[in-house]
$ cat entry.txt   # compact mmCIF, C-alpha atoms
# COMPACT_ATOMS: atom_id res chain seq x y z
CA MET A 15 1.45 6.06 58.48
CA CYS A 16 5.17 6.71 58.24
CA THR A 17 6.16 9.91 60.03
CA ALA A 18 9.48 10.28 58.23
CA ARG A 19 9.63 13.06 55.66
CA SER A 20 12.55 11.46 53.90
CA THR A 21 15.00 8.63 54.22
CA TRP A 22 18.81 8.76 54.42
CA PRO A 23 20.52 5.46 53.68
CA SER A 24 23.91 6.21 55.18
CA ALA A 25 27.04 5.67 53.20
CA THR A 26 28.49 2.49 54.77
CA PRO A 27 31.62 0.75 55.63
CA SER A 28 33.91 2.48 57.98
CA ALA A 29 36.48 3.10 55.28
CA LYS A 30 38.82 6.01 55.96
CA CYS A 31 40.88 8.33 53.79
CA PRO A 32 44.58 7.57 53.56
CA SER A 33 46.49 9.01 56.48
CA GLY A 34 47.05 12.74 56.11
CA SER A 35 44.77 13.19 53.10
CA ALA A 36 41.67 15.35 52.95
CA PRO A 37 38.22 13.85 52.36
CA ARG A 38 37.30 13.49 48.68
CA ARG A 39 34.00 13.19 46.90
CA GLY A 40 33.36 9.52 46.25
CA THR A 41 34.89 8.36 49.54
CA PRO A 42 33.10 7.53 52.79
CA ALA A 43 34.99 10.39 54.47
CA GLY A 44 33.69 12.82 51.83
CA ALA A 45 30.15 11.58 52.43
CA SER A 46 30.73 12.04 56.15
CA MET A 47 31.17 15.81 55.68
CA VAL A 48 27.68 15.98 54.20
CA HIS A 49 26.14 13.76 56.86
CA SER A 50 27.86 15.66 59.69
CA LEU A 51 26.59 19.07 58.50
CA ILE A 52 23.05 17.73 58.12
CA GLU A 53 23.31 16.38 61.65
CA ALA A 54 24.72 19.67 62.95
CA TYR A 55 21.63 21.47 61.67
CA ALA A 56 19.46 18.94 63.58
CA LEU A 57 17.76 17.82 60.37
CA LEU A 58 18.12 14.15 61.26
CA ASP A 59 15.48 14.66 63.95
CA GLN A 60 12.87 14.97 61.18
CA MET A 61 14.17 12.04 59.15
CA LYS A 62 14.19 8.30 59.43
CA ILE A 63 17.73 6.95 59.06
CA VAL A 64 17.71 3.57 57.32
CA LYS A 65 20.69 1.26 57.47
CA PRO A 66 21.32 0.16 53.88
CA LYS A 67 22.22 -3.30 52.80
CA VAL A 68 25.17 -3.85 50.50
CA ALA A 69 24.07 -4.64 46.95
CA SER A 70 24.40 -8.31 46.11
CA MET A 71 26.14 -9.55 42.98
CA GLU A 72 22.72 -10.54 41.64
CA GLU A 73 21.31 -7.06 42.23
CA MET A 74 24.28 -5.38 40.56
CA ALA A 75 24.02 -7.84 37.65
CA SER A 76 20.48 -6.60 36.95
CA PHE A 77 22.33 -3.96 34.92
CA HIS A 78 26.09 -4.64 34.91
CA THR A 79 27.69 -7.61 33.14
CA ASP A 80 29.06 -10.52 35.15
CA ALA A 81 32.48 -10.14 33.48
CA TYR A 82 32.78 -6.50 34.57
CA LEU A 83 31.64 -7.15 38.13
CA GLN A 84 33.98 -10.10 38.52
CA HIS A 85 36.94 -8.12 37.22
CA LEU A 86 36.15 -5.14 39.45
CA GLN A 87 35.90 -7.44 42.46
CA LYS A 88 39.21 -9.10 41.60
CA VAL A 89 41.27 -5.92 41.19
CA SER A 90 39.59 -4.40 44.24
CA GLU A 91 40.68 -7.32 46.41
CA GLU A 92 44.23 -7.16 45.09
CA GLY A 93 44.50 -3.38 44.85
CA ASP A 94 45.84 -3.96 41.35
CA ASP A 95 45.70 -0.72 39.35
CA ASP A 96 47.90 -2.13 36.58
CA HIS A 97 45.96 -5.22 35.53
CA PRO A 98 46.29 -5.61 31.74
CA GLU A 99 42.53 -6.17 31.26
CA SER A 100 41.46 -3.15 33.31
CA VAL A 101 41.55 -0.75 30.36
CA GLU A 102 38.87 -2.84 28.66
CA TYR A 103 36.61 -2.17 31.64
CA GLY A 104 37.30 1.56 31.91
CA LEU A 105 39.53 1.21 34.97
CA GLY A 106 42.55 3.46 35.37
CA TYR A 107 43.03 7.23 35.01
CA ASP A 108 39.76 8.71 36.38
CA CYS A 109 38.58 5.32 37.71
CA PRO A 110 41.61 3.82 39.48
CA ALA A 111 41.26 0.26 40.74
CA THR A 112 42.05 1.03 44.37
CA GLU A 113 41.81 -1.58 47.09
CA GLY A 114 38.27 -1.89 48.48
CA ILE A 115 36.57 0.04 45.68
CA PHE A 116 34.27 -2.88 44.83
CA GLU A 117 32.94 -3.01 48.39
CA TYR A 118 32.38 0.73 48.47
CA ALA A 119 30.62 0.72 45.09
CA ALA A 120 28.39 -2.15 46.24
CA ALA A 121 27.61 -0.18 49.40
CA VAL A 122 26.62 2.95 47.48
CA GLY A 123 24.55 0.88 45.05
CA GLY A 124 22.92 -0.94 47.93
CA ALA A 125 22.05 2.36 49.62
CA THR A 126 20.24 3.58 46.51
CA ILE A 127 18.40 0.25 46.16
CA THR A 128 17.44 0.47 49.85
CA ALA A 129 16.14 4.01 49.35
CA ALA A 130 14.11 2.88 46.34
CA GLN A 131 12.70 -0.01 48.34
CA CYS A 132 11.55 2.44 51.03
CA LEU A 133 9.50 4.19 48.35
CA LEU A 134 8.12 0.88 47.10
CA ASP A 135 7.07 -0.07 50.63
CA GLY A 136 5.40 3.30 51.21
CA LYS A 137 7.64 4.15 54.16
CA CYS A 138 8.17 7.67 52.82
CA LYS A 139 7.47 9.92 49.84
CA VAL A 140 11.07 11.16 49.48
CA ALA A 141 14.16 8.99 49.94
CA ILE A 142 17.71 10.39 49.87
CA ASN A 143 21.12 8.89 49.17
CA TRP A 144 23.52 11.80 48.81
CA PRO A 145 26.59 9.56 48.28
CA GLY A 146 24.84 8.08 45.21
CA GLY A 147 24.23 9.51 41.76
CA TRP A 148 27.05 7.67 39.95
CA HIS A 149 25.48 8.37 36.58
CA HIS A 150 28.37 7.70 34.16
CA ALA A 151 29.00 3.98 34.71
CA LYS A 152 28.04 1.72 31.79
CA LYS A 153 26.93 -1.88 31.98
CA ASP A 154 30.42 -3.19 31.27
CA GLU A 155 32.75 -0.36 32.21
CA ALA A 156 33.54 2.30 34.79
CA SER A 157 33.52 5.92 33.67
CA GLY A 158 33.97 9.38 35.15
CA PHE A 159 34.68 8.33 38.75
CA CYS A 160 31.64 6.02 38.60
CA TYR A 161 32.22 2.27 39.11
CA LEU A 162 28.59 1.25 39.48
CA ASN A 163 25.49 2.97 38.15
CA ASP A 164 23.40 3.15 41.30
CA ALA A 165 20.90 5.46 39.58
CA VAL A 166 20.08 2.72 37.07
CA LEU A 167 19.82 0.13 39.86
CA GLY A 168 17.43 2.43 41.74
CA ILE A 169 15.26 2.98 38.67
CA LEU A 170 15.09 -0.76 38.01
CA ARG A 171 13.95 -1.32 41.59
CA LEU A 172 11.29 1.40 41.29
CA ARG A 173 10.04 -0.19 38.07
CA GLN A 174 8.95 -3.21 40.09
CA LYS A 175 6.01 -1.09 41.24
CA PHE A 176 5.91 2.12 39.20
CA ASP A 177 5.10 1.82 35.50
CA ARG A 178 6.69 5.09 34.34
CA VAL A 179 9.79 6.50 36.01
CA LEU A 180 11.18 9.95 35.20
CA TYR A 181 14.93 10.47 35.69
CA ILE A 182 16.04 14.11 36.05
CA ASP A 183 19.77 14.87 36.04
CA LEU A 184 20.91 18.34 37.17
CA ASP A 185 24.61 17.50 37.41
CA LEU A 186 27.15 19.61 35.50
CA HIS A 187 27.93 16.57 33.34
CA HIS A 188 25.58 14.72 31.01
CA GLY A 189 23.94 11.69 32.63
CA ASP A 190 25.13 9.47 29.78
CA GLY A 191 25.19 6.14 31.62
CA VAL A 192 21.55 6.40 32.70
CA GLU A 193 20.41 7.64 29.31
CA ASP A 194 22.22 4.79 27.55
CA ALA A 195 20.69 2.22 29.90
CA PHE A 196 17.13 3.26 29.03
CA SER A 197 17.54 4.68 25.52
CA PHE A 198 15.39 1.92 23.97
CA THR A 199 12.40 2.05 26.33
CA SER A 200 9.40 4.36 26.68
CA LYS A 201 8.89 3.36 30.33
CA VAL A 202 11.80 5.45 31.64
CA MET A 203 12.20 9.01 30.44
CA THR A 204 15.55 10.74 31.05
CA VAL A 205 16.04 14.50 31.24
CA SER A 206 19.52 15.98 31.58
CA LEU A 207 20.54 19.64 31.94
CA HIS A 208 24.31 19.86 31.57
CA LYS A 209 27.31 21.61 30.13
CA PHE A 210 27.84 20.72 26.48
CA SER A 211 31.04 21.99 24.95
CA PRO A 212 33.79 20.59 22.69
CA GLY A 213 36.22 18.53 24.74
CA PHE A 214 34.08 18.54 27.88
CA PHE A 215 33.37 15.12 29.40
CA PRO A 216 31.55 12.98 28.42
CA GLY A 217 30.98 14.75 25.08
CA THR A 218 27.39 13.54 24.68
CA GLY A 219 23.97 15.03 25.36
CA ASP A 220 23.21 17.38 22.48
CA VAL A 221 19.59 18.40 21.97
CA THR A 222 19.42 16.01 19.00
CA ASP A 223 20.09 12.97 21.22
CA ILE A 224 16.50 11.80 21.72
CA GLY A 225 16.62 8.02 22.28
CA LEU A 226 16.30 5.02 19.99
CA GLY A 227 13.65 2.54 18.87
CA LYS A 228 10.70 2.50 21.28
CA GLY A 229 12.64 4.97 23.40
CA ARG A 230 12.81 7.60 20.68
CA TYR A 231 11.79 11.02 22.12
CA TYR A 232 12.12 9.65 25.69
CA SER A 233 15.60 11.11 26.13
CA VAL A 234 15.63 14.88 26.62
CA ASN A 235 18.91 16.78 26.63
CA VAL A 236 19.40 20.45 27.45
CA PRO A 237 22.92 21.60 26.46
CA ILE A 238 24.05 24.65 28.47
CA GLN A 239 27.14 26.85 28.29
CA ASP A 240 29.36 28.29 31.05
CA GLY A 241 28.33 30.98 33.50
CA ILE A 242 24.61 30.26 33.86
CA GLN A 243 23.08 31.54 37.10
CA ASP A 244 20.05 30.62 39.17
CA GLU A 245 17.27 32.59 37.50
CA ARG A 246 17.92 31.53 33.92
CA TYR A 247 18.68 27.93 34.92
CA TYR A 248 15.39 27.66 36.80
CA GLN A 249 13.45 29.15 33.88
CA ILE A 250 14.92 26.50 31.57
CA CYS A 251 14.38 23.70 34.07
CA GLU A 252 10.76 24.66 34.82
CA THR A 253 9.86 25.04 31.15
CA VAL A 254 11.33 21.68 30.17
CA LEU A 255 9.97 19.76 33.17
CA LYS A 256 6.49 21.23 32.71
CA GLU A 257 6.42 19.89 29.16
CA VAL A 258 7.89 16.52 30.13
CA TYR A 259 5.48 16.03 33.02
CA ALA A 260 2.48 16.82 30.82
CA VAL A 261 3.37 14.32 28.10
CA PHE A 262 4.98 11.53 30.16
CA ASN A 263 2.82 11.57 33.31
CA PRO A 264 5.39 9.81 35.55
CA ASP A 265 4.52 7.59 38.49
CA ALA A 266 7.86 8.13 40.27
CA VAL A 267 10.92 10.38 39.96
CA VAL A 268 14.66 9.88 40.40
CA LEU A 269 16.45 13.20 40.83
CA GLN A 270 20.25 13.47 40.53
CA LEU A 271 21.52 16.71 42.09
CA GLY A 272 25.24 16.92 41.45
CA ALA A 273 26.80 19.93 43.20
CA ASP A 274 29.46 20.63 40.56
CA THR A 275 27.14 23.28 39.09
CA ILE A 276 27.69 25.45 42.17
CA ALA A 277 29.89 28.56 42.11
CA GLY A 278 33.32 27.82 43.53
CA ASP A 279 33.52 24.28 42.20
CA PRO A 280 36.91 23.43 40.61
CA MET A 281 35.07 22.72 37.34
CA CYS A 282 34.64 26.53 37.01
CA SER A 283 31.68 26.14 34.65
CA PHE A 284 28.21 27.01 35.94
CA ASN A 285 27.71 29.85 38.43
CA MET A 286 24.81 28.68 40.54
CA THR A 287 23.91 28.59 44.22
CA PRO A 288 22.02 26.00 46.30
CA GLU A 289 18.99 28.32 46.23
CA GLY A 290 18.72 27.94 42.46
CA VAL A 291 18.95 24.14 42.62
CA GLY A 292 16.47 24.23 45.51
CA LYS A 293 13.87 25.96 43.33
CA CYS A 294 14.21 23.17 40.76
CA LEU A 295 13.90 20.58 43.53
CA ASN A 296 10.79 22.28 44.89
CA TYR A 297 9.22 22.25 41.43
CA VAL A 298 9.62 18.48 41.27
CA LEU A 299 8.44 17.96 44.86
CA GLN A 300 5.16 19.78 44.18
CA TRP A 301 4.18 16.88 41.92
CA GLN A 302 3.92 14.84 45.16
CA LEU A 303 5.25 11.67 43.56
CA ALA A 304 7.49 9.03 45.08
CA THR A 305 10.89 10.70 44.69
CA LEU A 306 14.38 9.25 45.01
CA VAL A 307 17.01 11.98 45.51
CA LEU A 308 20.67 11.27 44.73
CA GLY A 309 23.90 13.27 44.88
CA GLY A 310 26.52 13.25 42.15
CA GLY A 311 29.43 15.52 41.28
CA GLY A 312 30.84 18.16 43.58
CA TYR A 313 34.57 18.74 44.00
CA ASN A 314 34.59 21.63 46.45
CA LEU A 315 33.68 19.48 49.43
CA ALA A 316 32.61 22.29 51.73
CA ASN A 317 30.30 23.77 49.08
CA THR A 318 28.96 20.32 48.24
CA ALA A 319 28.06 19.77 51.90
CA ARG A 320 26.51 23.26 52.04
CA CYS A 321 24.45 22.51 48.93
CA TRP A 322 23.12 19.11 49.93
CA THR A 323 22.41 20.25 53.49
CA TYR A 324 20.43 23.20 52.13
CA LEU A 325 18.52 20.87 49.78
CA THR A 326 17.76 18.50 52.66
CA GLY A 327 16.26 21.51 54.41
CA VAL A 328 14.19 22.24 51.29
CA ILE A 329 12.80 18.70 51.32
CA LEU A 330 11.92 19.03 55.00
CA GLY A 331 10.48 22.53 54.62
CA ARG A 332 13.10 23.94 56.98
CA THR A 333 14.78 27.35 56.76
CA LEU A 334 18.36 26.95 57.97
CA SER A 335 20.38 29.55 59.84
CA SER A 336 23.19 31.26 57.99
CA GLU A 337 25.89 30.44 60.54
CA ILE A 338 27.45 26.99 60.19
CA PRO A 339 26.92 25.11 63.49
CA ASP A 340 29.95 23.84 65.37
CA HIS A 341 30.69 20.21 64.45
CA GLU A 342 33.47 17.84 63.44
CA PHE A 343 34.30 19.54 60.12
CA PHE A 344 33.60 23.13 61.20
CA THR A 345 37.05 24.41 60.18
CA GLU A 346 36.46 23.32 56.55
CA TYR A 347 33.90 26.13 56.14
CA GLY A 348 36.23 29.07 56.73
CA PRO A 349 36.88 31.88 56.41
CA ASP A 350 33.23 33.00 56.48
CA TYR A 351 31.60 29.95 58.16
CA VAL A 352 28.20 30.60 56.55
CA LEU A 353 25.82 28.34 54.63
CA GLU A 354 25.31 30.70 51.69
CA ILE A 355 27.42 30.56 48.53
CA THR A 356 27.99 33.74 46.52
CA PRO A 357 28.13 33.56 42.70
CA SER A 358 31.30 34.77 41.01
CA CYS A 359 31.50 37.60 38.48
CA ARG A 360 31.98 35.31 35.48
CA PRO A 361 29.84 36.14 32.41
CA ASP A 362 26.89 34.03 31.34
CA ARG A 363 27.75 32.52 27.94
CA ASN A 364 24.16 31.40 27.24
CA GLU A 365 22.54 33.59 24.60
CA PRO A 366 18.76 33.97 25.15
CA GLN A 367 18.02 33.27 21.48
CA ARG A 368 19.97 29.99 21.54
CA ILE A 369 18.28 28.90 24.77
CA GLN A 370 14.87 29.60 23.23
CA GLU A 371 15.79 27.56 20.15
CA ILE A 372 16.76 24.61 22.36
CA ILE A 373 13.52 24.85 24.33
CA ASN A 374 11.44 25.05 21.14
CA SER A 375 13.20 21.97 19.78
CA ILE A 376 12.54 20.05 23.00
CA LYS A 377 8.87 21.02 23.00
CA ALA A 378 8.54 19.79 19.44
CA LEU A 379 10.38 16.56 20.19
CA CYS A 380 8.49 15.58 23.33
CA PRO A 381 6.27 12.48 22.88
CA GLY A 382 2.72 13.40 21.92
CA ARG A 383 3.67 16.71 20.34
CA CYS A 384 3.70 15.52 16.71
CA VAL A 385 0.96 16.20 14.22
CA THR A 386 -1.15 13.46 12.72
CA CYS A 387 0.31 11.86 9.62
CA THR A 388 -3.02 12.20 7.84
CA ASP A 389 -3.10 15.96 8.42
CA VAL A 390 0.44 16.38 7.17
CA GLN A 391 -0.30 14.39 4.01
CA ALA A 392 -3.35 16.57 3.36
CA SER A 393 -1.51 19.85 3.91
CA TYR A 394 1.93 19.40 2.37
CA SER A 395 3.57 18.20 -0.82
CA TYR A 396 6.61 16.00 -0.27
CA GLU A 397 8.90 13.52 -1.91
CA PRO A 398 8.54 9.82 -0.93
CA ASP A 399 11.90 9.74 0.84
CA GLN A 400 11.04 12.91 2.76
CA TRP A 401 7.78 11.39 3.94
CA HIS A 402 9.64 8.26 5.03
CA TYR A 403 11.89 10.31 7.31
CA PHE A 404 9.03 12.34 8.73
CA LYS A 405 6.92 9.27 9.48
CA GLN A 406 9.82 7.67 11.37
CA PHE A 407 10.45 10.89 13.24
CA CYS A 408 6.90 11.40 14.48
CA GLU A 409 6.12 7.81 15.48
CA PRO A 410 4.53 8.22 18.93
CA GLY A 411 5.35 6.21 22.04
CA VAL A 412 2.97 3.79 23.75
CA ASN A 413 1.75 6.43 26.20
CA SER A 414 1.77 9.33 23.77
CA PRO A 415 -1.02 9.32 21.15
CA ARG A 416 -0.82 11.60 18.14
CA LYS A 417 -2.60 14.90 18.34
CA VAL A 418 -3.51 17.61 15.84
CA CYS A 419 -1.46 20.81 16.10
CA THR A 420 -2.14 24.29 14.79
CA TYR A 421 -0.80 25.42 11.44
CA GLN A 422 1.95 27.40 13.21
CA GLU A 423 2.93 24.36 15.26
CA VAL A 424 3.08 22.25 12.10
CA MET A 425 5.41 24.80 10.51
CA GLU A 426 7.61 24.90 13.61
CA TYR A 427 7.65 21.13 13.82
CA PHE A 428 8.66 20.76 10.18
CA HIS A 429 11.47 23.24 10.76
CA VAL A 430 12.83 21.09 13.60
CA VAL A 431 12.54 17.93 11.50
CA ALA A 432 14.38 19.61 8.63
CA VAL A 433 17.20 20.71 10.90
CA LEU A 434 17.63 17.38 12.66
CA TRP A 435 17.26 15.12 9.65
CA GLN A 436 18.77 17.53 7.11
CA VAL A 437 15.75 17.12 4.90
CA SER A 438 14.12 20.06 3.10
CA PHE A 439 10.35 20.00 3.24
CA SER A 440 8.32 22.19 0.90
CA THR A 441 4.76 23.38 1.26

$ encode --input "entry.txt" --output "structure tokens"
Amino acid sequence: MCTARSTWPSATPSAKCPSGSAPRRGTPAGASMVHSLIEAYALLDQMKIVKPKVASMEEMASFHTDAYLQHLQKVSEEGDDDHPESVEYGLGYDCPATEGIFEYAAAVGGATITAAQCLLDGKCKVAINWPGGWHHAKKDEASGFCYLNDAVLGILRLRQKFDRVLYIDLDLHHGDGVEDAFSFTSKVMTVSLHKFSPGFFPGTGDVTDIGLGKGRYYSVNVPIQDGIQDERYYQICETVLKEVYAVFNPDAVVLQLGADTIAGDPMCSFNMTPEGVGKCLNYVLQWQLATLVLGGGGYNLANTARCWTYLTGVILGRTLSSEIPDHEFFTEYGPDYVLEITPSCRPDRNEPQRIQEIINSIKALCPGRCVTCTDVQASYSYEPDQWHYFKQFCEPGVNSPRKVCTYQEVMEYFHVVAVLWQVSFST
């Protein structure tokens, strides 16, 4: 039996930040802050550190197009941020084509694949790659600081053994790249809790985005407004995940835990602490499934390291001391030098009634929650075109047979259908 509680595929190549610059998220030096704090708390003693292999072109091409990978490799070798074709591939602005970026992206992707392989081989029940979680990248373009979608690559590797994989994204931003990748399948269900507001990147992830074709109802989106704190966030997360787990019955989980939801992040949106995210993590861990844990956003580097170190302690069942231990990056944690993060005084913009409406919609839309077509035909009058829309809407997935609901549930379900499809149903 493997004695490791979790696995940390370390970030890779010995790339450094430019001389005189501070570590940034998405660089090996930024990842080093996280790794160093975890080491300072002596958490590595309870973990098995696995040296990751760099993702091969073939492994990356299991999702990304050859044309995109070849272009990324070319501009990375040349350090050419002004190549005329780069715009076509999403490079530039928030995804600059800096020298060596292809190698670093392949290293991060390889670390996530290595972590997934550890789960496949039964070496551990929880595998971690904090530098991963690049959830915005599309198959043929970079997006939102993400050059490679390691989360998708990890899920594809897990699917070699596990029939149903649940992807949970708790980053501030919608996990659009992962959702898009699996929007047509019922074998991977994606759940994303994120800020949804006009003009906020990436602009997708409304509650009405539910997947397509065979993947209809297998995309779950929870749009949240600014200022949310731990208690309300956990209530939403627990309610949604309880419903999803019951209807999807996953065999494995991929959990993206971006730290840009934490108070003090430059995004200035959510108002959470690591304790709140830790409660959500613990809820998933109690399922006792093979779980791949990834990082994501987080632009206050000290708070990101605090958050992911705390969450590593949660996975290991360790309570960590408040005082930051002395280590290489100790001075970055001033002026208080403590692990805890205090929420700000910003107001919570999430109205309870609106949150309840979103949760009710999600419950109605989850696979297996729809009423039988026969019962609806027997209970309601309808126009032919209205019935056509309803029948499309309630088509169940492979693993989600129809079930009979109560009269109240039927009424609630019809209300949701009417809102989403703009069709008026009459009794």

$ closest_residue --input "entry.txt" --among "A:Gln87, A:Thr356, A:Asn285, A:Ser46" --to "Leu162 of chain A" --atoms "all atoms listed in the file"
A:Gln87

$ residues_near_point --input "entry.txt" --point "(18.3, 10.0, 24.7)" --cutoff "10 Å" --atoms "all atoms listed in the file" --output "list in words"
Gly189, Asp190, Val192, Glu193, Asp194, Ala195, Phe196, Ser197, Phe198, Met203, Thr204, Val205, Ser206, Thr218, Gly219, Asp220, Val221, Thr222, Asp223, Ile224, Gly225, Leu226, Gly229, Arg230, Tyr231, Tyr232, Ser233, Val234 and Asn235 of chain A

$ atom_distance --input "entry.txt" --atom1 "atom CA of Val202 of chain A" --atom2 "atom CA of Leu134 of chain A"
16.5 Å

$ atom_distance --input "entry.txt" --atom1 "atom CA of Ser283 of chain A" --atom2 "atom CA of Leu186 of chain A"
8.0 Å

$ atom_distance --input "entry.txt" --atom1 "atom CA of Leu180 of chain A" --atom2 "atom CA of Leu334 of chain A"
29.3 Å

$ residues_near_point --input "entry.txt" --point "(33.1, 19.3, 60.7)" --cutoff "12 Å" --atoms "all atoms listed in the file" --output "PyMOL selection string"
chain A and resi 37+43-55+315-316+319-320+338-348+351

$ residues_around --input "entry.txt" --residues "Thr112 of chain A" --least-positions-apart "4" --cutoff "9 Å" --atoms "all atoms listed in the file" --output "ChimeraX atom specification"
/A:89-95,116

$ closest_residue --input "entry.txt" --among "A:Pro288, A:Gly124, A:Gly191, A:Gly106" --to "Tyr324 of chain A" --atoms "all atoms listed in the file"
A:Pro288

$ closest_residue --input "entry.txt" --among "A:Ala277, A:Leu308, A:Leu255, A:Ala81" --to "Pro357 of chain A" --atoms "all atoms listed in the file"
A:Ala277

$ residues_around --input "entry.txt" --residues "Leu271 of chain A" --least-positions-apart "6" --cutoff "6 Å" --atoms "all atoms listed in the file" --output "VMD selection string"
chain A and resid 184 to 185 309

$ closest_residue --input "entry.txt" --among "A:Leu306, A:Leu295, A:Ala120, A:Ile238" --to "Ala141 of chain A" --atoms "only C-alpha atoms"
A:Leu306

$ residues_around --input "entry.txt" --residues "segment 297-299 of chain A" --least-positions-apart "5" --cutoff "8 Å" --atoms "only C-alpha atoms" --output "list in words"
Glu252, Thr305 and Ile329 of chain A

$ closest_residue --input "entry.txt" --among "A:Asp108, A:Glu72, A:Glu155, A:Asp265" --to "Val179 of chain A" --atoms "all atoms listed in the file"
A:Asp265

$ closest_residue --input "entry.txt" --among "A:His188, A:Gly311, A:Ile142, A:Tyr248" --to "Ile127 of chain A" --atoms "only C-alpha atoms"
A:Ile142
